[in-house]
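K.L.:
Got a structure for you, questions after.
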Amino acid sequence: MSTKTLVLNGPKRTVFQKIALHFQKHWRLHVLALPAFLSLLAFSYAPMFGVVLAFQKYSIQGGFFGSEWIGFKNFEFLFQTSDAWRITRNTVLYNIVFLLVNTSLSVLLAMLFNELYIKRLAKTLQTMIILPNFLSMAVVAIIAYAFLKSGNSGILNQIVKAFGGKMRDWYMYKPAWPFLLVFINAWRGVGYGSIVYVASISGISQEYYEAAVLDGASKFQQARYVTLPHLRKIITIMLIMSVGSLLKGDFGLFYNVTQNNGALYEVTDVIDTYIYRALKLLGDTGMSSAAGLYQSFVGLLLVILANWVVTKIDDESAMF
């Protein structure tokens, strides 16, 4: 590293001297941040060494350093399998729909909360809507099963029967599952996702709304011309961050909630569930590592691409 001098507030100091002075002045803050830094190092950066598994025919006896190096052969499994198109299509399309639906509903929910004048009621409703996010997918799967199980014992079948409809075995009825998965994902995630937008709306100066009221703006017009423009940047940043997960499916949602039912694979199978089943059958650790690396690498490229597109449209709304 160059010892190029920097001049700030009088005397010349080297870069190393400035760093040392910074640590000396703010050492308490650095000590406070040390546990989080060590945690990040241990659980986020140290495991990155494991990417070598994606290029090895891993064996327990050989370990990281003794296993056979096979290059990109582990990646061939993803692209040569006959199901590659189906699982990629399902993963990408579901994530796009989840992203659009959840973002739209989260913003709408945040704006509705902002219009509640009884703050205690608003906080109570927020708590109720956020609670599903803290349920594990195993619990969500049990709740879903109570609604969807076949026969008269299923709640959904009872409702359908009451309206004169035909009862079904929902775990064998493929056309319903794209809508069910979108609904369950939104029910679980929209409330938690709205927190960011509620916080952003609370930071908007009331002077804008007062000026809009003086101009005769309705509540809809206030939302359109005041609230949404102020939320544009945070919505864009959240979308950019979410784009990186387009190739990663919610394993719990697609595996537990669907009961891993083979009759539904055409519309519920995603990359994560497919790789998990393949790992159980073949025990190929290198293949599953290659799939994870592929998903992460493509996700990084998508984030960079999305951010670049945003910079071309509105540079101030970009994440970096």
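In the structure tokens, each chain is lettered A, B, ... as it comes, each chain's residues begin at 1, and ligands are numbered from 1 in order of appearance.
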Considering only C-alpha atoms, give me a table of residues in stretch 162-249 of chain A that are at most 9 Å from stretch 121-132 of chain A, with the closest atom pair and distance in Å for each, as a Markdown table.

P.N.:
| residue | atom | partner | partner_atom | distance |
| --- | --- | --- | --- | --- |
| A:Trp187 | CA | A:Pro132 | CA | 7.1 |
| A:Arg188 | CA | A:Pro132 | CA | 4.9 |
| A:Gly189 | CA | A:Pro132 | CA | 7.4 |
| A:Val190 | CA | A:Ile130 | CA | 7.8 |
| A:Gly191 | CA | A:Ile130 | CA | 4.5 |
| A:Tyr192 | CA | A:Ile130 | CA | 5.0 |
| A:Gly193 | CA | A:Ile130 | CA | 8.5 |
| A:Ser194 | CA | A:Ile130 | CA | 8.7 |
| A:Ile195 | CA | A:Gln126 | CA | 8.5 |

K.L.:
Would you write out, as JSON lines, a table of all residues in stretch 64-115 of chain A that have an atom no more than 9 Å from an atom of stretch 237-240 of chain A, listing for each the closest atom pair and the distance in Å to one decimal, considering only C-alpha atoms and ordering rows by chain and rising residue number?

P.N.:
{"residue": "A:Leu99", "atom": "CA", "partner": "A:Leu239", "partner_atom": "CA", "distance": 7.6}
{"residue": "A:Leu100", "atom": "CA", "partner": "A:Leu239", "partner_atom": "CA", "distance": 8.9}
{"residue": "A:Thr103", "atom": "CA", "partner": "A:Leu239", "partner_atom": "CA", "distance": 8.1}

K.L.:
Filtering to C-alpha atoms, could you give me those residues as an mmCIF file, in the first residue's frame?

P.N.:
data_model
loop_
_atom_site.group_PDB
_atom_site.id
_atom_site.type_symbol
_atom_site.label_atom_id
_atom_site.label_comp_id
_atom_site.auth_asym_id
_atom_site.auth_seq_id
_atom_site.Cartn_x
_atom_site.Cartn_y
_atom_site.Cartn_z
ATOM 1 C CA LEU A 99 -41.209 -9.910 -5.754
ATOM 2 C CA LEU A 100 -43.918 -7.939 -7.561
ATOM 3 C CA THR A 103 -43.554 -5.313 -2.874
#

K.L.:
When you look at A:Phe147 with a cut-off of 7 Å (counting only C-alpha atoms), what residues show up, excluding the ones that are within fewer than 5 positions of it in the same chain? I need them as number ranges by chain.

P.N.:
A: 154-156

K.L.:
Can you tell me which residues surround A:Tyr209 at a distance of at most 9 Å, considering only C-alpha atoms, apart from same-chain residues fewer than 5 positions away, and format the answer as a PyMOL selection string?

P.N.:
chain A and resi 204+214+217+222+226-227

K.L.:
Suppose we keep N, CA, C and O atoms; can you now write the selection as a short mmCIF file (atom, residue, chain, number, x, y, z; two decimals), in the first residue's frame?

P.N.:
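Wrote it out as result17.cif, contents follow:
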data_model
loop_
_atom_site.label_atom_id
_atom_site.label_comp_id
_atom_site.auth_asym_id
_atom_site.auth_seq_id
_atom_site.Cartn_x
_atom_site.Cartn_y
_atom_site.Cartn_z
N ILE A 204 -41.37 11.24 6.13
CA ILE A 204 -41.80 12.27 5.18
C ILE A 204 -42.37 13.47 5.95
O ILE A 204 -43.22 13.29 6.83
N LEU A 214 -54.12 21.73 1.03
CA LEU A 214 -54.47 23.10 0.65
C LEU A 214 -54.77 23.21 -0.84
O LEU A 214 -55.60 24.03 -1.26
N ALA A 217 -55.99 18.18 -2.78
CA ALA A 217 -55.67 16.80 -3.16
C ALA A 217 -56.43 15.81 -2.30
O ALA A 217 -56.54 15.97 -1.08
N GLN A 222 -52.76 12.31 -2.71
CA GLN A 222 -51.65 12.48 -1.78
C GLN A 222 -50.72 11.27 -1.83
O GLN A 222 -49.49 11.41 -1.81
N VAL A 226 -47.32 12.40 -3.38
CA VAL A 226 -46.45 12.73 -2.24
C VAL A 226 -45.76 11.47 -1.70
O VAL A 226 -44.53 11.41 -1.66
N THR A 227 -46.58 10.47 -1.32
CA THR A 227 -46.00 9.29 -0.66
C THR A 227 -45.14 8.46 -1.61
O THR A 227 -43.98 8.15 -1.31
#

K.L.:
Choose the residue, out of A:Thr14, A:Thr268, A:Glu316, A:Gly252, that has the smallest atom-to-atom separation from A:Leu135; count only C-alpha atoms.

P.N.:
A:Gly252

K.L.:
State, in Å with one decimal place, the distance from atom CA of A:Met172 to atom CA of A:Ala141.

P.N.:
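Rounded to one decimal, the two atoms are 15.8 Å apart.
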